[in-house]
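Peer 1: I am sharing work.csv, which consists of CSV, C-alpha atoms and all ligand atoms:
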chain,number,residue,atom,x,y,z
A,1,MET,CA,-98.7,176.3,21.9
A,2,THR,CA,-100.0,179.6,20.6
A,3,THR,CA,-98.1,182.6,22.0
A,4,PHE,CA,-100.5,185.5,22.0
A,5,ASN,CA,-99.5,189.0,20.9
A,6,LYS,CA,-101.7,191.9,20.0
A,7,GLN,CA,-102.4,190.7,16.4
A,8,VAL,CA,-103.2,187.1,17.5
A,9,THR,CA,-105.5,188.2,20.4
A,10,LYS,CA,-107.3,190.7,18.1
A,11,SER,CA,-108.0,188.0,15.5
A,12,LEU,CA,-109.6,185.9,18.2
A,13,LEU,CA,-111.7,188.7,19.6
A,14,GLU,CA,-112.8,189.6,16.1
A,15,ALA,CA,-113.7,186.0,15.3
A,16,ILE,CA,-115.8,185.6,18.4
A,17,SER,CA,-117.5,189.0,18.1
A,18,ASN,CA,-118.2,188.7,14.4
A,19,ALA,CA,-119.7,185.2,14.8
A,20,VAL,CA,-122.1,186.4,17.6
A,21,ILE,CA,-123.0,189.6,15.6
A,22,ALA,CA,-123.8,187.4,12.5
A,23,ALA,CA,-126.1,185.2,14.7
A,24,THR,CA,-128.1,188.1,16.0
A,25,LYS,CA,-131.2,187.2,14.1
A,26,GLU,CA,-131.0,183.5,14.9
A,27,LEU,CA,-130.5,184.1,18.6
A,28,THR,CA,-133.5,186.5,18.6
A,29,THR,CA,-135.7,183.9,16.9
A,30,LEU,CA,-134.7,181.3,19.5
A,31,ASP,CA,-135.5,183.7,22.3
A,32,GLN,CA,-138.8,184.7,20.7
A,33,ALA,CA,-139.9,181.1,20.9
A,34,ILE,CA,-139.3,180.6,24.7
A,35,GLY,CA,-138.2,184.0,26.1
A,36,ASP,CA,-138.6,187.7,25.4
A,37,GLY,CA,-136.8,187.8,22.1
A,38,ASP,CA,-133.8,190.0,23.2
A,39,HIS,CA,-130.9,187.5,23.4
A,40,GLY,CA,-129.7,188.3,19.9
A,41,ILE,CA,-129.7,192.1,20.4
A,42,ASN,CA,-128.3,191.7,24.0
A,43,MET,CA,-125.3,189.7,22.7
A,44,GLU,CA,-124.9,191.8,19.6
A,45,ARG,CA,-124.7,195.0,21.8
A,46,GLY,CA,-122.1,193.3,24.0
A,47,PHE,CA,-119.8,192.1,21.2
A,48,ARG,CA,-120.1,195.3,19.2
A,49,ALA,CA,-118.7,197.0,22.4
A,50,VAL,CA,-115.9,194.4,22.5
A,51,LEU,CA,-115.1,195.1,18.8
A,52,ALA,CA,-115.0,198.8,19.5
A,53,LYS,CA,-112.3,198.2,22.1
A,54,ALA,CA,-110.6,195.4,20.4
A,55,ASP,CA,-107.3,197.3,19.8
A,56,THR,CA,-107.0,198.2,23.5
A,57,ILE,CA,-108.1,194.9,24.8
A,58,ALA,CA,-105.8,192.9,22.4
A,59,ALA,CA,-102.7,194.7,23.7
A,60,LEU,CA,-103.2,192.9,27.0
A,61,PRO,CA,-102.1,189.3,27.7
A,62,PRO,CA,-104.9,186.8,26.9
A,63,GLY,CA,-106.0,186.3,30.5
A,64,ARG,CA,-106.4,190.1,31.1
A,65,ALA,CA,-108.0,190.4,27.6
A,66,PHE,CA,-110.7,187.9,28.6
A,67,THR,CA,-111.2,189.7,31.9
A,68,GLU,CA,-111.8,193.0,29.9
A,69,VAL,CA,-114.2,191.2,27.6
A,70,GLY,CA,-116.1,190.0,30.6
A,71,LYS,CA,-116.3,193.5,32.1
A,72,THR,CA,-117.5,194.9,28.8
A,73,LEU,CA,-120.2,192.2,28.5
A,74,VAL,CA,-121.4,192.9,32.1
A,75,MET,CA,-121.7,196.6,31.3
A,76,THR,CA,-123.4,196.3,27.9
A,77,VAL,CA,-125.3,193.0,27.4
A,78,GLY,CA,-128.0,193.3,30.1
A,79,GLY,CA,-130.6,190.6,30.6
A,80,ALA,CA,-129.9,187.4,32.5
A,81,SER,CA,-127.1,186.4,30.1
A,82,GLY,CA,-125.1,189.6,30.6
A,83,PRO,CA,-123.8,189.0,34.1
A,84,LEU,CA,-123.5,185.3,33.4
A,85,TYR,CA,-121.3,185.6,30.3
A,86,GLY,CA,-119.5,188.5,31.9
A,87,LYS,CA,-118.5,186.4,34.9
A,88,LEU,CA,-117.6,183.5,32.6
A,89,PHE,CA,-115.0,185.6,30.7
A,90,MET,CA,-113.8,187.4,33.9
A,91,THR,CA,-113.3,184.2,35.8
A,92,VAL,CA,-111.5,182.4,33.0
A,93,GLY,CA,-109.4,185.5,32.5
A,94,GLN,CA,-108.4,185.7,36.1
A,95,ALA,CA,-107.3,182.0,36.1
A,96,LEU,CA,-105.1,182.5,33.0
A,97,GLY,CA,-103.2,185.3,34.7
A,98,GLU,CA,-100.5,187.3,32.9
A,99,SER,CA,-98.9,184.7,30.7
A,100,PRO,CA,-98.8,185.2,26.9
A,101,GLN,CA,-99.7,181.5,26.5
A,102,ILE,CA,-102.9,179.6,27.6
A,103,ALA,CA,-101.8,176.6,29.6
A,104,HIS,CA,-104.3,173.7,29.4
A,105,ALA,CA,-104.4,173.2,33.2
A,106,ARG,CA,-105.1,176.9,33.9
A,107,LEU,CA,-107.9,176.9,31.2
A,108,VAL,CA,-109.5,173.9,32.7
A,109,ALA,CA,-109.3,175.3,36.2
A,110,GLY,CA,-110.7,178.7,35.0
A,111,CYS,CA,-113.6,177.1,33.2
A,112,ASP,CA,-114.3,174.9,36.2
A,113,GLU,CA,-114.4,177.9,38.5
A,114,ALA,CA,-116.5,179.9,36.0
A,115,ILE,CA,-119.1,177.2,35.9
A,116,LYS,CA,-119.3,177.2,39.7
A,117,VAL,CA,-119.8,181.0,39.6
A,118,ILE,CA,-122.6,180.7,36.9
A,119,LYS,CA,-124.3,178.0,38.9
A,120,ALA,CA,-124.2,180.1,42.1
A,121,LEU,CA,-125.3,183.3,40.3
A,122,GLY,CA,-128.1,181.7,38.3
A,123,LYS,CA,-129.1,179.1,41.0
A,124,SER,CA,-128.9,176.7,38.1
A,125,ASP,CA,-127.4,173.4,37.1
A,126,VAL,CA,-127.2,171.0,34.3
A,127,GLY,CA,-130.6,169.9,33.0
A,128,HIS,CA,-132.3,173.2,33.6
A,129,LYS,CA,-132.1,174.1,29.9
A,130,THR,CA,-129.6,176.9,30.0
A,131,MET,CA,-126.1,177.7,28.8
A,132,LEU,CA,-124.8,175.3,31.4
A,133,ASP,CA,-126.1,172.4,29.4
A,134,VAL,CA,-123.4,173.3,26.8
A,135,LEU,CA,-120.7,174.6,29.1
A,136,VAL,CA,-120.5,171.7,31.5
A,137,PRO,CA,-120.2,168.8,28.9
A,138,VAL,CA,-117.7,170.8,26.9
A,139,LEU,CA,-115.6,171.3,30.0
A,140,ASP,CA,-115.7,167.6,30.6
A,141,THR,CA,-114.4,167.0,27.1
A,142,LEU,CA,-111.8,169.7,27.5
A,143,ARG,CA,-110.4,168.0,30.7
A,144,SER,CA,-109.4,164.9,28.7
A,145,ALA,CA,-108.5,166.7,25.5
A,146,SER,CA,-105.4,168.9,25.6
A,147,SER,CA,-104.1,169.1,22.1
A,148,ARG,CA,-105.2,171.3,19.2
A,149,GLN,CA,-106.4,168.2,17.4
A,150,ALA,CA,-109.2,168.1,20.1
A,151,ALA,CA,-110.8,171.2,18.7
A,152,GLY,CA,-113.0,169.2,16.4
A,153,GLN,CA,-114.1,167.0,19.3
A,154,LEU,CA,-115.0,170.1,21.5
A,155,SER,CA,-116.9,171.6,18.7
A,156,ALA,CA,-118.9,168.4,18.1
A,157,ARG,CA,-119.6,168.1,21.8
A,158,ALA,CA,-120.9,171.6,22.0
A,159,LYS,CA,-123.2,171.0,19.0
A,160,SER,CA,-124.7,167.8,20.4
A,161,ALA,CA,-125.1,169.5,23.8
A,162,ALA,CA,-127.0,172.5,22.3
A,163,ASP,CA,-129.2,170.1,20.3
A,164,ALA,CA,-129.9,168.2,23.5
A,165,THR,CA,-131.6,171.3,25.0
A,166,ILE,CA,-134.4,171.1,22.5
A,167,PRO,CA,-136.5,168.5,24.3
A,168,MET,CA,-135.7,169.8,27.8
A,169,LEU,CA,-138.1,171.4,30.1
A,170,ALA,CA,-136.8,174.8,31.2
A,171,ALA,CA,-136.3,175.2,34.9
A,172,ARG,CA,-134.5,178.6,34.9
A,173,GLY,CA,-134.8,181.9,33.1
A,174,ARG,CA,-137.8,183.3,31.3
A,175,ALA,CA,-138.3,180.0,29.4
A,176,SER,CA,-139.3,178.3,32.7
A,177,PHE,CA,-142.5,180.5,32.8
A,178,LEU,CA,-143.7,178.5,29.8
A,179,GLY,CA,-143.6,175.1,31.6
A,180,GLU,CA,-144.2,172.3,29.1
A,181,ARG,CA,-144.3,174.7,26.2
A,182,SER,CA,-140.6,175.3,26.7
A,183,LYS,CA,-140.0,171.9,25.2
A,184,GLY,CA,-139.2,171.6,21.5
A,185,HIS,CA,-137.0,174.7,21.2
A,186,MET,CA,-133.2,175.1,21.6
A,187,ASP,CA,-132.2,177.2,24.5
A,188,PRO,CA,-130.9,180.6,23.2
A,189,GLY,CA,-128.0,180.8,25.7
A,190,ALA,CA,-127.0,177.2,24.9
A,191,ARG,CA,-126.9,178.1,21.2
A,192,SER,CA,-124.8,181.3,21.9
A,193,SER,CA,-122.4,179.3,24.1
A,194,GLN,CA,-122.1,176.6,21.4
A,195,LEU,CA,-121.4,179.3,18.8
A,196,ILE,CA,-118.7,180.9,20.8
A,197,ILE,CA,-117.0,177.6,21.5
A,198,ALA,CA,-117.3,176.5,17.8
A,199,THR,CA,-115.8,179.8,16.8
A,200,ILE,CA,-112.8,179.5,19.1
A,201,CYS,CA,-112.2,175.9,17.9
A,202,LYS,CA,-112.3,177.0,14.3
A,203,TRP,CA,-110.0,179.9,15.0
A,204,LEU,CA,-107.5,177.5,16.6
A,205,GLU,CA,-107.2,175.7,13.3
A,206,THR,CA,-105.6,178.8,11.8
A,207,ALA,CA,-104.0,180.2,14.9
A,208,PRO,CA,-100.1,180.4,14.9
A,209,ASN,CA,-98.4,177.5,16.7
B,301,LIG,P1,-133.2,187.4,29.6
B,301,LIG,O1,-133.6,186.0,29.9
B,301,LIG,O2,-133.1,188.2,30.8
B,301,LIG,O3,-134.1,188.0,28.5
B,301,LIG,P2,-131.3,186.7,27.6
B,301,LIG,O4,-132.4,186.5,26.6
B,301,LIG,O5,-130.1,187.6,27.0
B,301,LIG,O6,-131.7,187.3,29.0
B,301,LIG,O7,-130.6,185.3,27.9
B,301,LIG,C1,-131.4,184.2,28.1
B,301,LIG,C2,-130.4,183.0,28.3
B,301,LIG,O8,-129.7,183.1,29.5
B,301,LIG,C3,-131.2,181.7,28.4
B,301,LIG,O9,-131.4,181.1,27.2
B,301,LIG,C4,-130.2,180.8,29.3
B,301,LIG,O10,-129.3,180.1,28.6
B,301,LIG,C5,-129.5,181.9,30.1
B,301,LIG,N1,-130.0,181.9,31.5
B,301,LIG,C6,-131.1,182.6,31.9
B,301,LIG,N2,-131.3,182.4,33.3
B,301,LIG,C7,-130.3,181.6,33.7
B,301,LIG,C8,-129.9,181.0,34.9
B,301,LIG,N3,-130.6,181.2,36.0
B,301,LIG,N4,-128.8,180.2,34.9
B,301,LIG,C9,-128.1,180.0,33.8
B,301,LIG,N5,-128.4,180.5,32.6
B,301,LIG,C10,-129.5,181.3,32.5
B,302,MG,MG,-134.3,187.2,26.6
Could you express the structure from this file as structure tokens?
Peer 2:
Amino acid sequence: MTTFNKQVTKSLLEAISNAVIAATKELTTLDQAIGDGDHGINMERGFRAVLAKADTIAALPPGRAFTEVGKTLVMTVGGASGPLYGKLFMTVGQALGESPQIAHARLVAGCDEAIKVIKALGKSDVGHKTMLDVLVPVLDTLRSASSRQAAGQLSARAKSAADATIPMLAARGRASFLGERSKGHMDPGARSSQLIIATICKWLETAPN
């Protein structure tokens, strides 16, 4: 199990932030199709703020680091996704506590709680064509997959789940205003969730044991 220290935590924060920043254009394009075109810049702003504080945040145990990432996203991202992603990281962070290691059971419990919080905050559920359509199936896979070898499985599940939002009819967020015209496009928040999950899984391959 990875024991987090400042260097390890910083490498994870940088991996996630750089992946989101590199996808700014793609996320913008997705949100232009079924939203208002700001998801890319919203997320970029948030993760640039995380990068700017990476040294300070990485000095904390991973749970508290996640909580700080969440607070930073709430303050900087804006849009519907800001409070939702913010709460996601904060809730997972709180469940992880002060330990320098991430116990599988705590991670599952934290993700489970975070999904409940997002559902309550967004009045949303699976099938509404949102980030939940990636987060919920990935959590189901995570429950039964505890080892590092499962990273590939989680990444693949995230990808198929994001792809599965393409034909969906949006029932929440700005995309829902489009009705039938929301079909045929991937949900931007589903894509950013998938990207973050895939990046964490890829990072795990090179993380210290
Ligand atoms: P905004 O919609 O305010 O412009 P963003 O473009 O940053 O905010 O984020 C849009 C994404 O947020 C959507 O693609 C969707 O995944 C997610 N989202 C929007 N509303 C909800 C909701 N009620 N519940 C869950 N996720 C939502
Ligand atoms: Mg938008």
Peer 1: From the options A:Asp187, A:Glu14, A:Asp140, A:Asp125, which residue's atoms come nearest to ligand MG 302 (chain B), counting only C-alpha atoms and all ligand atoms?
Peer 2: A:Asp187
Peer 1: Nearest to ligand LIG 301 (chain B) among A:Gln149, A:Thr76, A:Asn209, A:Thr2, with distances taken over only C-alpha atoms and all ligand atoms: which residue is it?
Peer 2: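 So, comparing all the options, the nearest one is A:Thr76.
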Peer 1: From the list A:Pro62, A:Gly70, A:Gly93, A:Gly35, which residue is nearest ligand MG 302 (chain B) when using all atoms listed in the file?
Peer 2: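 Once distances to ligand MG 302 (chain B) are computed over all atoms listed in the file, the minimum belongs to A:Gly35.
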Peer 1: Can I get the residues close to ligand LIG 301 (chain B) as a ChimeraX atom specification, where close means within 7 Å and we count all atoms listed in the file?
Peer 2: /A:31,35-39,42-43,78-82,84,118-119,122-124,129-132,172-174,187-190
Peer 1: Next, the residues of the selection above should be written as a PDB file, keeping the file's coordinate frame with C-alpha atoms.
Peer 2:
ATOM      1  CA  ASP A  31    -135.500 183.700  22.300  1.00  0.00           C
ATOM      2  CA  GLY A  35    -138.200 184.000  26.100  1.00  0.00           C
ATOM      3  CA  ASP A  36    -138.600 187.700  25.400  1.00  0.00           C
ATOM      4  CA  GLY A  37    -136.800 187.800  22.100  1.00  0.00           C
ATOM      5  CA  ASP A  38    -133.800 190.000  23.200  1.00  0.00           C
ATOM      6  CA  HIS A  39    -130.900 187.500  23.400  1.00  0.00           C
ATOM      7  CA  ASN A  42    -128.300 191.700  24.000  1.00  0.00           C
ATOM      8  CA  MET A  43    -125.300 189.700  22.700  1.00  0.00           C
ATOM      9  CA  GLY A  78    -128.000 193.300  30.100  1.00  0.00           C
ATOM     10  CA  GLY A  79    -130.600 190.600  30.600  1.00  0.00           C
ATOM     11  CA  ALA A  80    -129.900 187.400  32.500  1.00  0.00           C
ATOM     12  CA  SER A  81    -127.100 186.400  30.100  1.00  0.00           C
ATOM     13  CA  GLY A  82    -125.100 189.600  30.600  1.00  0.00           C
ATOM     14  CA  LEU A  84    -123.500 185.300  33.400  1.00  0.00           C
ATOM     15  CA  ILE A 118    -122.600 180.700  36.900  1.00  0.00           C
ATOM     16  CA  LYS A 119    -124.300 178.000  38.900  1.00  0.00           C
ATOM     17  CA  GLY A 122    -128.100 181.700  38.300  1.00  0.00           C
ATOM     18  CA  LYS A 123    -129.100 179.100  41.000  1.00  0.00           C
ATOM     19  CA  SER A 124    -128.900 176.700  38.100  1.00  0.00           C
ATOM     20  CA  LYS A 129    -132.100 174.100  29.900  1.00  0.00           C
ATOM     21  CA  THR A 130    -129.600 176.900  30.000  1.00  0.00           C
ATOM     22  CA  MET A 131    -126.100 177.700  28.800  1.00  0.00           C
ATOM     23  CA  LEU A 132    -124.800 175.300  31.400  1.00  0.00           C
ATOM     24  CA  ARG A 172    -134.500 178.600  34.900  1.00  0.00           C
ATOM     25  CA  GLY A 173    -134.800 181.900  33.100  1.00  0.00           C
ATOM     26  CA  ARG A 174    -137.800 183.300  31.300  1.00  0.00           C
ATOM     27  CA  ASP A 187    -132.200 177.200  24.500  1.00  0.00           C
ATOM     28  CA  PRO A 188    -130.900 180.600  23.200  1.00  0.00           C
ATOM     29  CA  GLY A 189    -128.000 180.800  25.700  1.00  0.00           C
ATOM     30  CA  ALA A 190    -127.000 177.200  24.900  1.00  0.00           C
TER      31      ALA A 190
END
Peer 1: From the list A:Lys159, A:Thr24, A:Ala114, A:Leu30, which residue is nearest ligand MG 302 (chain B) when using only C-alpha atoms and all ligand atoms?
Peer 2: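 Smallest distance to ligand MG 302 (chain B) is found for A:Leu30.
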Peer 1: Assuming 5 Å of padding per side, give the centre and edge lengths of the axis-aligned box around every listed atom of region 27-45 of chain A, in Å to one decimal and as JSON.
Peer 2:
{"center_x": -132.3, "center_y": 187.8, "center_z": 21.5, "size_x": 25.2, "size_y": 24.4, "size_z": 19.2}
Peer 1: I'd like the contact shell of Ser176 (chain A) - 9 Å cut-off, only C-alpha atoms, skipping same-chain residues fewer than 4 positions apart - returned as a list in words.
Peer 2: Ile34, Gly35, His128, Lys129, Leu169, Ala170, Ala171, Arg172, Glu180, Arg181 and Ser182 of chain A
Peer 1: Can you work out the spacing between CA of Phe4 (chain A) and CA of Pro100 (chain A) in Å, to one decimal?
Peer 2: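 Separation of CA of Phe4 (chain A) and CA of Pro100 (chain A): 5.2 Å.
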Peer 1: Tell me, as a VMD selection string, which residues lie within 8 Å of region 89-92 of chain A, counting all atoms listed in the file; anything in the same chain fewer than 2 positions away does not count.
Peer 2: chain A and resid 63 66 to 71 85 to 87 94 to 96 107 110 to 111 113 to 114
Peer 1: Tell me which of A:Ile166, A:Leu73, A:Leu142, A:Val126 sits closest to Arg106 (chain A), counting all atoms listed in the file.
Peer 2: A:Leu142
